[in-house]
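Engineer: Provided herewith: target14.cif, mmCIF, C-alpha atoms.
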data_upload
#
loop_
_atom_site.label_atom_id
_atom_site.label_comp_id
_atom_site.auth_asym_id
_atom_site.auth_seq_id
_atom_site.Cartn_x
_atom_site.Cartn_y
_atom_site.Cartn_z
CA MET A 11 -14.03 -156.42 79.27
CA THR A 12 -12.29 -159.67 78.46
CA GLU A 13 -15.06 -162.26 78.81
CA GLN A 14 -16.68 -163.63 75.69
CA ILE A 15 -19.53 -161.46 74.47
CA SER A 16 -22.74 -163.41 73.98
CA LYS A 17 -24.63 -163.09 70.72
CA ASP A 18 -27.75 -162.13 72.68
CA LEU A 19 -26.01 -159.20 74.34
CA LYS A 20 -24.59 -158.03 71.05
CA ASP A 21 -28.03 -158.26 69.45
CA ILE A 22 -29.55 -156.21 72.29
CA VAL A 23 -26.89 -153.51 71.93
CA ILE A 24 -27.36 -153.33 68.17
CA ALA A 25 -31.15 -153.20 68.54
CA ARG A 26 -30.76 -150.30 70.98
CA LEU A 27 -28.42 -148.45 68.65
CA GLU A 28 -30.83 -148.92 65.75
CA THR A 29 -33.37 -146.81 67.64
CA LEU A 30 -31.02 -143.81 67.51
CA PRO A 31 -31.94 -141.15 64.94
CA LYS A 32 -29.62 -141.37 61.95
CA HIS A 33 -28.33 -137.84 62.31
CA MET A 34 -27.21 -138.17 65.94
CA LYS A 35 -23.55 -138.60 66.80
CA MET A 36 -21.82 -139.98 69.85
CA SER A 37 -18.55 -138.63 71.18
CA ILE A 38 -16.59 -141.34 72.98
CA GLY A 39 -13.70 -139.47 74.49
CA SER A 40 -10.41 -140.19 72.88
CA TYR A 41 -11.94 -142.61 70.37
CA GLY A 42 -13.70 -139.83 68.43
CA ASP A 43 -17.19 -139.12 67.08
CA PHE A 44 -19.44 -141.77 65.57
CA ASN A 45 -22.81 -141.95 63.85
CA ARG A 46 -25.32 -144.75 64.30
CA GLU A 47 -24.06 -146.94 61.46
CA GLN A 48 -20.45 -146.62 62.59
CA LEU A 49 -21.38 -147.55 66.17
CA ILE A 50 -23.26 -150.63 64.99
CA GLU A 51 -20.29 -151.64 62.85
CA HIS A 52 -17.91 -151.35 65.82
CA VAL A 53 -20.21 -153.51 67.95
CA LYS A 54 -20.41 -156.13 65.20
CA LYS A 55 -16.61 -156.18 64.95
CA GLU A 56 -16.22 -156.29 68.74
CA ASP A 57 -13.26 -153.90 68.57
CA SER A 58 -12.34 -151.64 71.49
CA ILE A 59 -15.09 -149.11 70.67
CA GLY A 60 -17.66 -151.87 70.22
CA LYS A 61 -16.61 -153.45 73.52
CA LYS A 62 -16.96 -150.11 75.28
CA ILE A 63 -20.53 -149.70 74.03
CA ILE A 64 -21.34 -153.26 75.06
CA GLN A 65 -19.82 -152.62 78.50
CA VAL A 66 -22.05 -149.55 78.98
CA GLU A 67 -25.13 -151.60 78.01
CA LEU A 68 -24.13 -154.51 80.25
CA GLU A 69 -23.64 -152.25 83.27
CA PHE A 70 -27.01 -150.62 82.60
CA LEU A 71 -28.80 -153.97 82.37
CA GLN A 72 -27.13 -155.19 85.57
CA ALA A 73 -28.07 -151.97 87.39
CA MET A 74 -31.67 -152.35 86.22
CA LYS A 75 -31.75 -155.92 87.49
CA GLU A 76 -30.36 -154.83 90.84
CA GLY A 77 -32.70 -151.82 91.09
CA ASN A 78 -29.66 -149.54 91.19
CA LEU A 79 -30.18 -147.39 88.11
CA LEU A 80 -29.69 -144.06 89.82
CA VAL A 81 -26.25 -145.05 91.16
CA MET B 30 -6.76 -111.59 93.24
CA THR B 31 -8.11 -115.06 92.44
CA THR B 32 -7.20 -116.40 89.00
CA TYR B 33 -9.10 -118.93 86.90
CA MET B 34 -7.37 -120.72 84.03
CA ILE B 35 -9.30 -122.62 81.36
CA THR B 36 -8.11 -124.51 78.27
CA ARG B 37 -10.52 -124.57 75.32
CA PRO B 38 -9.14 -126.38 72.29
CA GLU B 39 -11.64 -126.55 69.41
CA HIS B 40 -10.06 -128.75 66.77
CA ASP B 41 -12.86 -131.35 66.50
CA ASP B 42 -16.56 -131.77 67.34
CA THR B 43 -15.89 -133.00 70.87
CA THR B 44 -13.59 -130.14 71.85
CA HIS B 45 -15.88 -127.66 70.03
CA TYR B 46 -18.79 -128.72 72.25
CA LEU B 47 -16.73 -128.81 75.47
CA SER B 48 -15.32 -125.36 74.72
CA HIS B 49 -18.74 -123.80 74.17
CA TRP B 50 -20.31 -125.47 77.17
CA SER B 51 -17.68 -124.01 79.48
CA GLN B 52 -17.46 -120.62 77.75
CA GLU B 53 -20.14 -118.99 79.89
CA THR B 54 -18.10 -119.70 83.03
CA ILE B 55 -15.72 -116.98 81.83
CA GLU B 56 -18.51 -114.43 82.18
CA VAL B 57 -19.32 -115.74 85.66
CA ALA B 58 -15.67 -115.33 86.66
CA ASN B 59 -15.54 -111.81 85.20
CA LYS B 60 -18.65 -110.81 87.15
CA LYS B 61 -17.05 -112.13 90.35
CA GLY B 62 -13.90 -110.08 89.72
CA ILE B 63 -11.85 -113.23 89.11
CA LYS B 64 -8.99 -112.89 86.65
CA VAL B 65 -9.42 -115.24 83.67
CA LEU B 66 -6.68 -116.92 81.64
CA ASP B 67 -8.48 -118.33 78.61
CA LEU B 68 -6.26 -120.65 76.57
CA TYR B 69 -8.50 -120.80 73.51
CA ARG B 70 -7.89 -122.92 70.41
CA GLU B 71 -4.21 -122.88 69.37
CA LYS B 72 -3.27 -121.22 72.65
CA ALA B 73 -4.04 -124.48 74.48
CA THR B 74 -0.45 -125.71 74.35
CA ARG B 75 1.77 -127.25 76.96
CA GLN B 76 4.17 -124.33 76.79
CA GLN B 77 1.38 -121.80 77.46
CA VAL B 78 -0.13 -123.90 80.25
CA GLU B 79 3.18 -124.39 82.03
CA SER B 80 4.15 -120.75 81.61
CA LEU B 81 0.83 -119.36 82.92
CA LEU B 82 0.68 -121.83 85.81
CA LYS B 83 4.09 -120.65 86.99
CA LYS B 84 3.50 -116.96 86.34
CA HIS B 85 -0.08 -116.50 87.58
CA ASN B 86 -0.62 -119.38 90.02
CA PRO B 87 -4.37 -119.79 89.24
CA ALA B 88 -6.55 -121.12 92.06
CA ILE B 89 -8.94 -122.93 89.71
CA ILE B 90 -7.96 -124.80 86.56
CA VAL B 91 -10.40 -126.26 84.04
CA LEU B 92 -8.95 -128.52 81.37
CA ASN B 93 -11.19 -129.27 78.38
CA GLY B 94 -9.85 -131.82 75.95
CA HIS B 95 -9.14 -135.42 75.17
CA GLY B 96 -7.01 -137.62 77.33
CA ASP B 97 -6.38 -140.94 78.96
CA GLU B 98 -5.71 -142.24 82.45
CA LYS B 99 -2.45 -140.33 82.73
CA THR B 100 -2.91 -137.37 80.38
CA VAL B 101 -5.06 -134.38 79.48
CA THR B 102 -4.47 -132.90 76.04
CA GLY B 103 -4.98 -129.52 74.39
CA HIS B 104 -4.92 -128.15 70.84
CA GLN B 105 -4.51 -130.97 68.28
CA ASN B 106 -4.36 -133.50 71.14
CA ILE B 107 -0.93 -132.38 72.31
CA PRO B 108 -0.46 -133.45 75.97
CA LEU B 109 -0.75 -130.57 78.45
CA ILE B 110 -0.49 -132.32 81.80
CA GLN B 111 0.93 -135.82 82.15
CA ALA B 112 1.35 -138.01 85.21
CA GLY B 113 5.01 -138.51 85.98
CA GLU B 114 5.99 -135.41 84.01
CA ASN B 115 4.39 -132.16 85.10
CA GLU B 116 1.47 -132.90 87.44
CA HIS B 117 3.42 -131.13 90.21
CA LEU B 118 2.41 -127.86 88.48
CA LEU B 119 -1.13 -128.46 89.79
CA LYS B 120 0.07 -128.00 93.36
CA GLU B 121 -2.29 -125.91 95.54
CA LYS B 122 -4.91 -125.78 92.80
CA GLN B 123 -8.49 -126.94 92.35
CA VAL B 124 -8.57 -128.83 89.06
CA TYR B 125 -11.45 -130.02 86.89
CA ALA B 126 -10.67 -132.07 83.78
CA ILE B 127 -13.49 -132.60 81.28
CA SER B 128 -11.56 -135.29 79.59
CA CYS B 129 -11.54 -139.06 79.43
CA SER B 130 -10.25 -141.23 82.24
CA SER B 131 -7.75 -138.82 83.80
CA GLY B 132 -9.54 -139.15 87.14
CA LYS B 133 -8.12 -142.65 87.35
CA ILE B 134 -4.35 -142.03 87.55
CA LEU B 135 -3.52 -138.37 86.83
CA GLY B 136 -6.03 -137.20 89.44
CA PRO B 137 -4.66 -139.19 92.40
CA LYS B 138 -1.07 -138.50 91.31
CA SER B 139 -1.78 -134.76 91.21
CA ILE B 140 -3.16 -134.93 94.74
CA ASN B 141 0.00 -136.75 95.84
CA LYS B 142 2.00 -133.88 94.36
CA GLY B 143 0.03 -131.25 96.26
CA ALA B 144 -3.07 -130.41 94.17
CA ILE B 145 -5.96 -129.37 96.45
CA SER B 146 -8.59 -131.27 94.48
CA TYR B 147 -8.95 -133.06 91.16
CA THR B 148 -12.40 -133.64 89.71
CA GLY B 149 -12.93 -135.55 86.49
CA TYR B 150 -13.92 -138.92 85.06
CA ASP B 151 -12.22 -142.23 85.70
CA GLU B 152 -13.51 -143.74 82.45
CA ASP B 153 -14.36 -142.51 78.94
CA PHE B 154 -16.63 -139.45 79.02
CA ILE B 155 -19.42 -140.01 76.51
CA PHE B 156 -21.97 -137.59 75.09
CA PHE B 157 -24.46 -137.39 72.24
CA TYR B 158 -24.96 -134.39 70.02
CA ASN B 159 -26.85 -133.28 66.98
CA PRO B 160 -24.43 -132.32 64.16
CA GLU B 161 -27.11 -130.02 62.74
CA MET B 162 -26.61 -127.88 65.85
CA ILE B 163 -22.83 -127.68 65.54
CA SER B 164 -22.93 -123.91 65.00
CA ARG B 165 -25.16 -123.48 68.08
CA PRO B 166 -23.96 -126.13 70.54
CA LEU B 167 -25.58 -124.43 73.54
CA LYS B 168 -28.98 -124.90 71.86
CA ASP B 169 -28.42 -128.64 71.38
CA ASP B 170 -30.88 -130.17 73.86
CA MET B 171 -29.38 -133.62 73.49
CA ALA B 172 -25.88 -132.42 74.35
CA LYS B 173 -27.30 -130.37 77.20
CA LEU B 174 -28.33 -133.55 79.03
CA PHE B 175 -24.68 -134.58 79.11
CA LEU B 176 -22.91 -131.26 79.46
CA ASP B 177 -24.88 -128.89 81.64
CA HIS B 178 -23.40 -130.38 84.84
CA VAL B 179 -20.00 -129.11 83.63
CA LYS B 180 -21.14 -125.51 83.86
CA ILE B 181 -22.86 -126.12 87.18
CA PHE B 182 -19.67 -127.51 88.71
CA ILE B 183 -17.44 -124.67 87.48
CA ASP B 184 -19.91 -121.90 88.32
CA SER B 185 -20.29 -123.30 91.81
CA LEU B 186 -16.52 -123.28 92.38
CA LEU B 187 -16.21 -119.73 91.01
CA LYS B 188 -18.98 -118.58 93.35
CA GLY B 189 -16.90 -119.75 96.30
CA ASN B 190 -18.60 -123.01 97.15
CA ALA B 191 -16.58 -125.91 98.49
CA VAL B 192 -15.39 -128.51 95.98
CA GLY B 193 -17.63 -131.14 97.58
CA GLU B 194 -20.69 -128.93 97.28
CA ALA B 195 -19.96 -128.10 93.64
CA TYR B 196 -19.47 -131.80 92.96
CA ALA B 197 -22.74 -132.70 94.69
CA ARG B 198 -24.65 -130.07 92.68
CA ALA B 199 -23.16 -131.24 89.38
CA LYS B 200 -23.82 -134.87 90.24
CA GLU B 201 -27.41 -134.08 91.14
CA ARG B 202 -27.92 -132.43 87.73
CA LEU B 203 -26.54 -135.49 85.97
CA ARG B 204 -28.87 -137.63 88.05
CA GLU B 205 -31.87 -135.42 87.21
CA ASN B 206 -31.03 -135.70 83.52
CA LEU B 207 -30.78 -139.47 83.86
CA VAL B 208 -34.26 -139.59 85.46
CA LYS B 209 -35.57 -137.31 82.70
CA SER B 210 -34.16 -139.54 80.00
CA LEU B 211 -35.64 -142.66 81.62
CA SER B 212 -39.09 -141.17 81.75
CA THR B 213 -39.54 -140.13 78.13
CA GLN B 214 -41.02 -142.15 75.31
CA GLU B 215 -38.78 -140.92 72.52
CA GLN B 216 -35.10 -141.56 71.87
CA ASP B 217 -33.98 -140.54 75.32
CA PRO B 218 -34.10 -143.99 76.98
CA ILE B 219 -31.03 -145.04 75.00
CA LEU B 220 -29.28 -141.92 76.26
CA ALA B 221 -29.97 -143.04 79.83
CA ARG B 222 -27.34 -145.77 79.77
CA TYR B 223 -24.66 -143.24 78.75
CA LEU B 224 -25.81 -140.62 81.27
CA ARG B 225 -25.62 -143.28 83.95
CA TRP B 226 -22.13 -144.22 82.76
CA ASN B 227 -20.91 -140.62 83.10
CA LEU B 228 -22.60 -140.26 86.48
CA ARG B 229 -20.95 -143.43 87.77
CA HIS B 230 -17.52 -142.36 86.57
CA PHE B 231 -17.64 -138.71 87.71
CA VAL B 232 -15.08 -138.59 90.53
CA VAL B 233 -13.46 -136.15 92.90
CA HIS B 234 -10.13 -136.54 94.71
CA GLY B 235 -8.48 -134.44 97.39
CA ASN B 236 -9.87 -131.91 99.82
CA ILE B 237 -13.60 -131.54 99.16
CA ASP B 238 -13.94 -128.83 101.81
CA ALA B 239 -11.61 -126.47 99.94
CA LYS B 240 -13.00 -123.26 98.43
CA ILE B 241 -11.45 -120.21 96.82
CA GLU B 242 -10.69 -117.23 99.09
#
Hey, can you dump this file as structure tokens for me?
Structural biologist:
Amino acid sequence: MTEQISKDLKDIVIARLETLPKHMKMSIGSYGDFNREQLIEHVKKEDSIGKKIIQVELEFLQAMKEGNLLV
Amino acid sequence: MTTYMITRPEHDDTTHYLSHWSQETIEVANKKGIKVLDLYREKATRQQVESLLKKHNPAIIVLNGHGDEKTVTGHQNIPLIQAGENEHLLKEKQVYAISCSSGKILGPKSINKGAISYTGYDEDFIFFYNPEMISRPLKDDMAKLFLDHVKIFIDSLLKGNAVGEAYARAKERLRENLVKSLSTQEQDPILARYLRWNLRHFVVHGNIDAKIE
């Protein structure tokens, strides 16, 4: 994901992550395990983990728009 | 006698969950009279894997661990199988890697070197879990949404189904879990985007008609 990330998209991703229960953790393969606050921080920083989360959200939104959610 | 080899490192939360979610497949193999080589925790080393592959020639190999496009790792993230180094050891085997991205390069390269099939993920494999359930990972309903297809795929192979059928069954379960997560009012809708991600990146290479004798 090399294109510039819009503020709107970042805000959407952060808003989604804020709905996660605090105690939940996400395992992202070789990157490790992260809680909600850590995930939000990575998205804010737009580092490789943050970009991955944004990419997942972007693909989901595009699939929803195209009516292709179930692959 | 058919042999089933599984690596189950457990040095962090991710490998702990993967190990437990594939543990029951050992019982399935035992019931089917399949010999099991369980490389558990510190036994999941490259030396052990290479040695047992040569000595026992397992028909089915399941690799739990971390990884990247070219590698699957074991205990303490030490590489077990690496493209360009030892993927030829997967020759004539059905392989399933529950590991990030190895379906992208290591999978196709293994097939080129004679592996029967290689099933895995061509991107990062993502799952959610509840740390309060760490001592009982099989009771973690959130993790179940992401991990129960793993057991379905392996069980199906061990029961003698073709790779393609096992893959279709596992994919269908992931899809069902995605639908389930989309239709709830609680926290599950956010899980849907990650379930969809895993579903989209769950891949199979090689001969999908192959099955164990």
Engineer: Do me a favour and pick out the residues of chain A within 12 Å of chain B, using only C-alpha atoms, as a PDB file with C-alpha atoms, keeping the file's coordinate frame.
Structural biologist:
ATOM      1  CA  ILE A  22     -29.550-156.210  72.290  1.00  0.00           C
ATOM      2  CA  VAL A  23     -26.890-153.510  71.930  1.00  0.00           C
ATOM      3  CA  ILE A  24     -27.360-153.330  68.170  1.00  0.00           C
ATOM      4  CA  ALA A  25     -31.150-153.200  68.540  1.00  0.00           C
ATOM      5  CA  ARG A  26     -30.760-150.300  70.980  1.00  0.00           C
ATOM      6  CA  LEU A  27     -28.420-148.450  68.650  1.00  0.00           C
ATOM      7  CA  GLU A  28     -30.830-148.920  65.750  1.00  0.00           C
ATOM      8  CA  THR A  29     -33.370-146.810  67.640  1.00  0.00           C
ATOM      9  CA  LEU A  30     -31.020-143.810  67.510  1.00  0.00           C
ATOM     10  CA  PRO A  31     -31.940-141.150  64.940  1.00  0.00           C
ATOM     11  CA  LYS A  32     -29.620-141.370  61.950  1.00  0.00           C
ATOM     12  CA  HIS A  33     -28.330-137.840  62.310  1.00  0.00           C
ATOM     13  CA  MET A  34     -27.210-138.170  65.940  1.00  0.00           C
ATOM     14  CA  LYS A  35     -23.550-138.600  66.800  1.00  0.00           C
ATOM     15  CA  MET A  36     -21.820-139.980  69.850  1.00  0.00           C
ATOM     16  CA  SER A  37     -18.550-138.630  71.180  1.00  0.00           C
ATOM     17  CA  ILE A  38     -16.590-141.340  72.980  1.00  0.00           C
ATOM     18  CA  GLY A  39     -13.700-139.470  74.490  1.00  0.00           C
ATOM     19  CA  SER A  40     -10.410-140.190  72.880  1.00  0.00           C
ATOM     20  CA  TYR A  41     -11.940-142.610  70.370  1.00  0.00           C
ATOM     21  CA  GLY A  42     -13.700-139.830  68.430  1.00  0.00           C
ATOM     22  CA  ASP A  43     -17.190-139.120  67.080  1.00  0.00           C
ATOM     23  CA  PHE A  44     -19.440-141.770  65.570  1.00  0.00           C
ATOM     24  CA  ASN A  45     -22.810-141.950  63.850  1.00  0.00           C
ATOM     25  CA  ARG A  46     -25.320-144.750  64.300  1.00  0.00           C
ATOM     26  CA  SER A  58     -12.340-151.640  71.490  1.00  0.00           C
ATOM     27  CA  ILE A  59     -15.090-149.110  70.670  1.00  0.00           C
ATOM     28  CA  LYS A  62     -16.960-150.110  75.280  1.00  0.00           C
ATOM     29  CA  ILE A  63     -20.530-149.700  74.030  1.00  0.00           C
ATOM     30  CA  ILE A  64     -21.340-153.260  75.060  1.00  0.00           C
ATOM     31  CA  GLN A  65     -19.820-152.620  78.500  1.00  0.00           C
ATOM     32  CA  VAL A  66     -22.050-149.550  78.980  1.00  0.00           C
ATOM     33  CA  GLU A  67     -25.130-151.600  78.010  1.00  0.00           C
ATOM     34  CA  LEU A  68     -24.130-154.510  80.250  1.00  0.00           C
ATOM     35  CA  GLU A  69     -23.640-152.250  83.270  1.00  0.00           C
ATOM     36  CA  PHE A  70     -27.010-150.620  82.600  1.00  0.00           C
ATOM     37  CA  LEU A  71     -28.800-153.970  82.370  1.00  0.00           C
ATOM     38  CA  GLN A  72     -27.130-155.190  85.570  1.00  0.00           C
ATOM     39  CA  ALA A  73     -28.070-151.970  87.390  1.00  0.00           C
ATOM     40  CA  MET A  74     -31.670-152.350  86.220  1.00  0.00           C
ATOM     41  CA  ASN A  78     -29.660-149.540  91.190  1.00  0.00           C
ATOM     42  CA  LEU A  79     -30.180-147.390  88.110  1.00  0.00           C
ATOM     43  CA  LEU A  80     -29.690-144.060  89.820  1.00  0.00           C
ATOM     44  CA  VAL A  81     -26.250-145.050  91.160  1.00  0.00           C
TER      45      VAL A  81
END
Engineer: Apply the PyMOL selection byres ((chain B and resi 185) around 10) to the structure shown and report the selected residues as a list in words.
Structural biologist: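 Output from the PyMOL selection byres ((chain B and resi 185) around 10), applied to this file: Thr54, Val57, Lys180, Ile181, Phe182, Ile183, Asp184, Leu186, Leu187, Lys188, Gly189, Asn190, Ala191, Val192, Glu194, Ala195, Tyr196, Arg198, Ala199 and Lys240 of chain B.
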Engineer: Excluding same-chain residues fewer than 6 positions from Pro137 (chain B), what lies within 8 Å of it counting all atoms listed in the file, as a PyMOL selection string?
Structural biologist: chain B and resi 147+234-235
Engineer: What separation in Å, quoted to one decimal, exists between CA of Lys120 (chain B) and CA of Ile140 (chain B)?
Structural biologist: 7.8 Å
Engineer: In Å, rounded to a single decimal, give me how far CA of Ile237 (chain B) is from CA of Glu201 (chain B).
Structural biologist: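 Answer for the CA of Glu201 (chain B) to CA of Ile237 (chain B) separation: 16.2 Å.
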Engineer: By how many Å are CA of Pro87 (chain B) and CA of Met34 (chain B) apart?
Structural biologist: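 Computing the Euclidean distance for CA of Pro87 (chain B) and CA of Met34 (chain B) yields 6.1 Å.
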Engineer: With distances taken over only C-alpha atoms, which of B:Gln105, B:Gln111, B:Gln76, B:Ser146 is nearest to Ile134 (chain B)?
Structural biologist: B:Gln111
